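K.L.:
Okay, handing you the structure first.
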Amino acid sequence: MKEGLKYVIFKTKWGFFGLLANQKGLLRSVLPHNSYMATKKYLLVGMFRDAKEHKELYPELQKAIKAYYDSDNNDYTDFAERFSVPLCLKGSQFAQKILKTCMKVRPGRTITYSQLAKNAGFTRASRAAGSVLAKNQFPLIIPCHRVIRSDGKIGNFSAPGGTKTKTKMLEYEIAFGID
């Protein structure tokens, strides 16, 4: 068991969203599931079974995420930066650069894996960028759903619901003029 692990699961219009953190920052986010227990199971998978629930974990971030799913607020980009939430990014310097670059993709917009890699300074690394996004521990906060294939197709999505969830999120952002 890791010391100081805290989590919160809160209701949005799309279901229950989860955040997991330690004393250094956010470790994981989980896109909405239909039930509290399904979100908890997905959020605490692995070594996190002894994490303690903490309802006041990043309250401003919770509020912004709820606003996103309620379409009440179109100013929800840069969740982590805006609320001074440190992200405990894993992986190589390459992986961290890809994730940080992905955070800059605005709502309602898309970018290709190739463009993302190029913007991160790695011209020929589109497949590697896709592999990094497949392991994204912070869906929505790091908006990997906004990255698509160069042929315009949606591409894969490793979050629950797969490509249906990715499509739904992109359509939602466009429909509500979230930009």
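Chain labels follow the order of the structure tokens: the first chain is A, the next B, and so on; residue numbering restarts at 1 in every chain, and ligands are counted from 1 in their shown order.
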Fewer than 3 positions away in the same chain doesn't count, so skip those; otherwise give me all residues within 7 Å of Arg109 (chain A), counting only C-alpha atoms, as JSON, numbers by chain.

P.N.:
{"A": [105, 106, 146]}

K.L.:
Kindly provide the residues of region 12-130 of chain A that approach region 136-144 of chain A to within 10 Å, each paired with its closest atom pair and their distance in Å to one decimal, based on only C-alpha atoms, listed by chain and increasing number, as JSON lines.

P.N.:
```
{"residue": "A:Leu19", "atom": "CA", "partner": "A:Phe138", "partner_atom": "CA", "distance": 8.9}
{"residue": "A:Leu20", "atom": "CA", "partner": "A:Phe138", "partner_atom": "CA", "distance": 9.9}
{"residue": "A:Leu26", "atom": "CA", "partner": "A:Phe138", "partner_atom": "CA", "distance": 8.5}
{"residue": "A:Leu27", "atom": "CA", "partner": "A:Gln137", "partner_atom": "CA", "distance": 7.1}
{"residue": "A:Arg28", "atom": "CA", "partner": "A:Gln137", "partner_atom": "CA", "distance": 4.9}
{"residue": "A:Ser29", "atom": "CA", "partner": "A:Phe138", "partner_atom": "CA", "distance": 4.8}
{"residue": "A:Val30", "atom": "CA", "partner": "A:Pro139", "partner_atom": "CA", "distance": 6.6}
{"residue": "A:Leu31", "atom": "CA", "partner": "A:Pro139", "partner_atom": "CA", "distance": 6.5}
{"residue": "A:Leu43", "atom": "CA", "partner": "A:Gln137", "partner_atom": "CA", "distance": 9.9}
{"residue": "A:Leu61", "atom": "CA", "partner": "A:Ile141", "partner_atom": "CA", "distance": 9.6}
{"residue": "A:Ile65", "atom": "CA", "partner": "A:Leu140", "partner_atom": "CA", "distance": 8.5}
{"residue": "A:Tyr68", "atom": "CA", "partner": "A:Leu140", "partner_atom": "CA", "distance": 9.6}
{"residue": "A:Tyr76", "atom": "CA", "partner": "A:Ile141", "partner_atom": "CA", "distance": 9.5}
{"residue": "A:Thr77", "atom": "CA", "partner": "A:Ile141", "partner_atom": "CA", "distance": 8.2}
{"residue": "A:Asp78", "atom": "CA", "partner": "A:Ile141", "partner_atom": "CA", "distance": 7.2}
{"residue": "A:Phe79", "atom": "CA", "partner": "A:Ile141", "partner_atom": "CA", "distance": 5.8}
{"residue": "A:Ala80", "atom": "CA", "partner": "A:Ile141", "partner_atom": "CA", "distance": 6.7}
{"residue": "A:Glu81", "atom": "CA", "partner": "A:Ile141", "partner_atom": "CA", "distance": 9.7}
{"residue": "A:Leu87", "atom": "CA", "partner": "A:Phe138", "partner_atom": "CA", "distance": 8.4}
{"residue": "A:Cys88", "atom": "CA", "partner": "A:Gln137", "partner_atom": "CA", "distance": 9.2}
{"residue": "A:Leu89", "atom": "CA", "partner": "A:Gln137", "partner_atom": "CA", "distance": 8.0}
{"residue": "A:Lys90", "atom": "CA", "partner": "A:Gln137", "partner_atom": "CA", "distance": 8.5}
{"residue": "A:Ala95", "atom": "CA", "partner": "A:Asn136", "partner_atom": "CA", "distance": 9.6}
{"residue": "A:Leu99", "atom": "CA", "partner": "A:Ile142", "partner_atom": "CA", "distance": 6.7}
{"residue": "A:Lys100", "atom": "CA", "partner": "A:Ile142", "partner_atom": "CA", "distance": 7.7}
{"residue": "A:Thr101", "atom": "CA", "partner": "A:Ile142", "partner_atom": "CA", "distance": 9.1}
{"residue": "A:Cys102", "atom": "CA", "partner": "A:Ile142", "partner_atom": "CA", "distance": 6.3}
{"residue": "A:Met103", "atom": "CA", "partner": "A:Ile142", "partner_atom": "CA", "distance": 4.9}
{"residue": "A:Lys104", "atom": "CA", "partner": "A:Pro143", "partner_atom": "CA", "distance": 8.6}
{"residue": "A:Val105", "atom": "CA", "partner": "A:Pro143", "partner_atom": "CA", "distance": 7.2}
{"residue": "A:Arg106", "atom": "CA", "partner": "A:Pro143", "partner_atom": "CA", "distance": 8.6}
{"residue": "A:Pro107", "atom": "CA", "partner": "A:Pro143", "partner_atom": "CA", "distance": 8.3}
{"residue": "A:Thr110", "atom": "CA", "partner": "A:Cys144", "partner_atom": "CA", "distance": 9.5}
{"residue": "A:Ile111", "atom": "CA", "partner": "A:Cys144", "partner_atom": "CA", "distance": 9.6}
{"residue": "A:Tyr113", "atom": "CA", "partner": "A:Cys144", "partner_atom": "CA", "distance": 9.8}
{"residue": "A:Gly130", "atom": "CA", "partner": "A:Cys144", "partner_atom": "CA", "distance": 9.1}
```

K.L.:
As a list in words, please: every residue in region 12-92 of chain A that DSSP puts in strand (DSSP E or B).

P.N.:
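Everything in region 12-92 of chain A that counts as strand (DSSP E or B) is Thr12, Gly15, Phe16, Phe17, Gly18, Leu19, Leu20, Ala21, Asn22, Gly25, Leu26, Leu27, Arg28, Ser29, Val30, Leu31, Pro32, His33, Lys52, Glu53 and Leu87 of chain A.
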
K.L.:
For Ser131 (chain A), find every residue with an atom within 12 Å (counting only C-alpha atoms), except residues of its own chain fewer than 3 positions away, and show them as a JSON list (two decimals) with N, CA and C atoms, in the first residue's frame.

P.N.:
```
[["chain", "number", "residue", "atom", "x", "y", "z"],
["A", 91, "GLY", "N", 6.58, 7.90, -17.18],
["A", 91, "GLY", "CA", 7.16, 7.63, -18.48],
["A", 91, "GLY", "C", 8.39, 8.46, -18.78],
["A", 94, "PHE", "N", 10.16, 11.77, -23.48],
["A", 94, "PHE", "CA", 9.34, 11.79, -24.69],
["A", 94, "PHE", "C", 7.86, 11.71, -24.33],
["A", 95, "ALA", "N", 7.50, 10.73, -23.50],
["A", 95, "ALA", "CA", 6.10, 10.53, -23.11],
["A", 95, "ALA", "C", 5.56, 11.78, -22.41],
["A", 98, "ILE", "N", 4.91, 14.54, -24.94],
["A", 98, "ILE", "CA", 3.69, 14.27, -25.72],
["A", 98, "ILE", "C", 2.46, 14.63, -24.89],
["A", 99, "LEU", "N", 2.41, 14.20, -23.64],
["A", 99, "LEU", "CA", 1.25, 14.48, -22.78],
["A", 99, "LEU", "C", 1.08, 15.97, -22.53],
["A", 113, "TYR", "N", -2.28, 12.48, -34.70],
["A", 113, "TYR", "CA", -1.15, 11.93, -33.95],
["A", 113, "TYR", "C", 0.16, 12.48, -34.51],
["A", 117, "ALA", "N", 2.88, 14.77, -32.47],
["A", 117, "ALA", "CA", 4.30, 14.42, -32.36],
["A", 117, "ALA", "C", 5.17, 15.56, -32.86],
["A", 125, "ALA", "N", 7.25, 10.56, -35.11],
["A", 125, "ALA", "CA", 6.92, 9.70, -33.97],
["A", 125, "ALA", "C", 5.42, 9.59, -33.72],
["A", 126, "SER", "N", 4.63, 9.58, -34.79],
["A", 126, "SER", "CA", 3.17, 9.56, -34.59],
["A", 126, "SER", "C", 2.71, 8.26, -33.93],
["A", 127, "ARG", "N", 3.26, 7.13, -34.30],
["A", 127, "ARG", "CA", 2.85, 5.86, -33.67],
["A", 127, "ARG", "C", 3.25, 5.83, -32.20],
["A", 128, "ALA", "N", 4.45, 6.31, -31.93],
["A", 128, "ALA", "CA", 4.90, 6.36, -30.53],
["A", 128, "ALA", "C", 4.02, 7.30, -29.72],
["A", 134, "ALA", "N", -2.35, 6.03, -25.37],
["A", 134, "ALA", "CA", -3.08, 4.83, -24.97],
["A", 134, "ALA", "C", -2.90, 4.53, -23.48],
["A", 135, "LYS", "N", -1.85, 5.07, -22.88],
["A", 135, "LYS", "CA", -1.57, 4.87, -21.46],
["A", 135, "LYS", "C", -1.86, 6.12, -20.63],
["A", 136, "ASN", "N", -2.53, 7.10, -21.22],
["A", 136, "ASN", "CA", -2.84, 8.36, -20.53],
["A", 136, "ASN", "C", -3.58, 8.10, -19.23],
["A", 144, "CYS", "N", -6.72, 13.42, -24.60],
["A", 144, "CYS", "CA", -6.31, 12.51, -25.67],
["A", 144, "CYS", "C", -7.46, 12.20, -26.62],
["A", 155, "GLY", "N", -9.73, 6.94, -34.72],
["A", 155, "GLY", "CA", -8.61, 6.27, -34.06],
["A", 155, "GLY", "C", -9.07, 5.54, -32.82],
["A", 156, "ASN", "N", -8.16, 4.92, -32.15],
["A", 156, "ASN", "CA", -8.50, 4.14, -30.96],
["A", 156, "ASN", "C", -8.67, 5.03, -29.73],
["A", 157, "PHE", "N", -9.26, 4.43, -28.69],
["A", 157, "PHE", "CA", -9.44, 5.13, -27.42],
["A", 157, "PHE", "C", -9.47, 4.07, -26.34],
["A", 158, "SER", "N", -8.51, 4.14, -25.42],
["A", 158, "SER", "CA", -8.37, 3.08, -24.42],
["A", 158, "SER", "C", -9.23, 3.28, -23.18]]
```

K.L.:
Out of A:Gly4, A:Gly18, A:Lys118, A:Thr163, which residue has the shortest atom-to-atom distance to Lys66 (chain A) when counting only C-alpha atoms?

P.N.:
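The shortest atom-to-atom distance to Lys66 (chain A) comes from A:Gly18.
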
K.L.:
Mind the document's chain letters and residue numbers, and return as a PyMOL selection string the residues of chain A that DSSP labels helix (DSSP H, G or I).

P.N.:
chain A and resi 36-43+59-70+79-82+93-102+113-119+126-134+144-146+162-175

K.L.:
For a quick check of understanding, using only C-alpha atoms, which of A:Pro160, A:Glu173, A:Gln115, A:Gly121 has the smallest distance to Thr39 (chain A)?

P.N.:
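Among the listed residues, the smallest separation from Thr39 (chain A) belongs to A:Pro160.
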
K.L.:
Can you measure CA of Thr12 (chain A) to CA of Pro86 (chain A) for me? One decimal in Å is fine.

P.N.:
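If I compute the distance from CA of Thr12 (chain A) to CA of Pro86 (chain A), I get 22.6 Å.
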
K.L.:
What lies within 12 Å of Lys55 (chain A) using only C-alpha atoms, ignoring chain neighbours under 4 positions off, as a compact mmCIF listing (two decimals) with C-alpha atoms, in the first residue's frame?

P.N.:
```txt
# COMPACT_ATOMS: atom_id res chain seq x y z
CA LYS A 6 -6.73 9.74 -1.51
CA TYR A 7 -9.56 9.50 -3.97
CA VAL A 8 -12.86 11.11 -4.75
CA ILE A 9 -15.71 9.92 -6.90
CA PHE A 10 -18.34 12.45 -7.84
CA LYS A 11 -21.47 12.53 -9.98
CA GLY A 18 -12.97 9.68 -10.29
CA LEU A 19 -9.72 11.29 -9.17
CA LEU A 20 -6.85 9.59 -7.34
CA PRO A 59 -12.74 20.79 -5.09
CA GLU A 60 -12.21 23.43 -7.79
CA GLN A 62 -14.22 18.71 -9.37
```
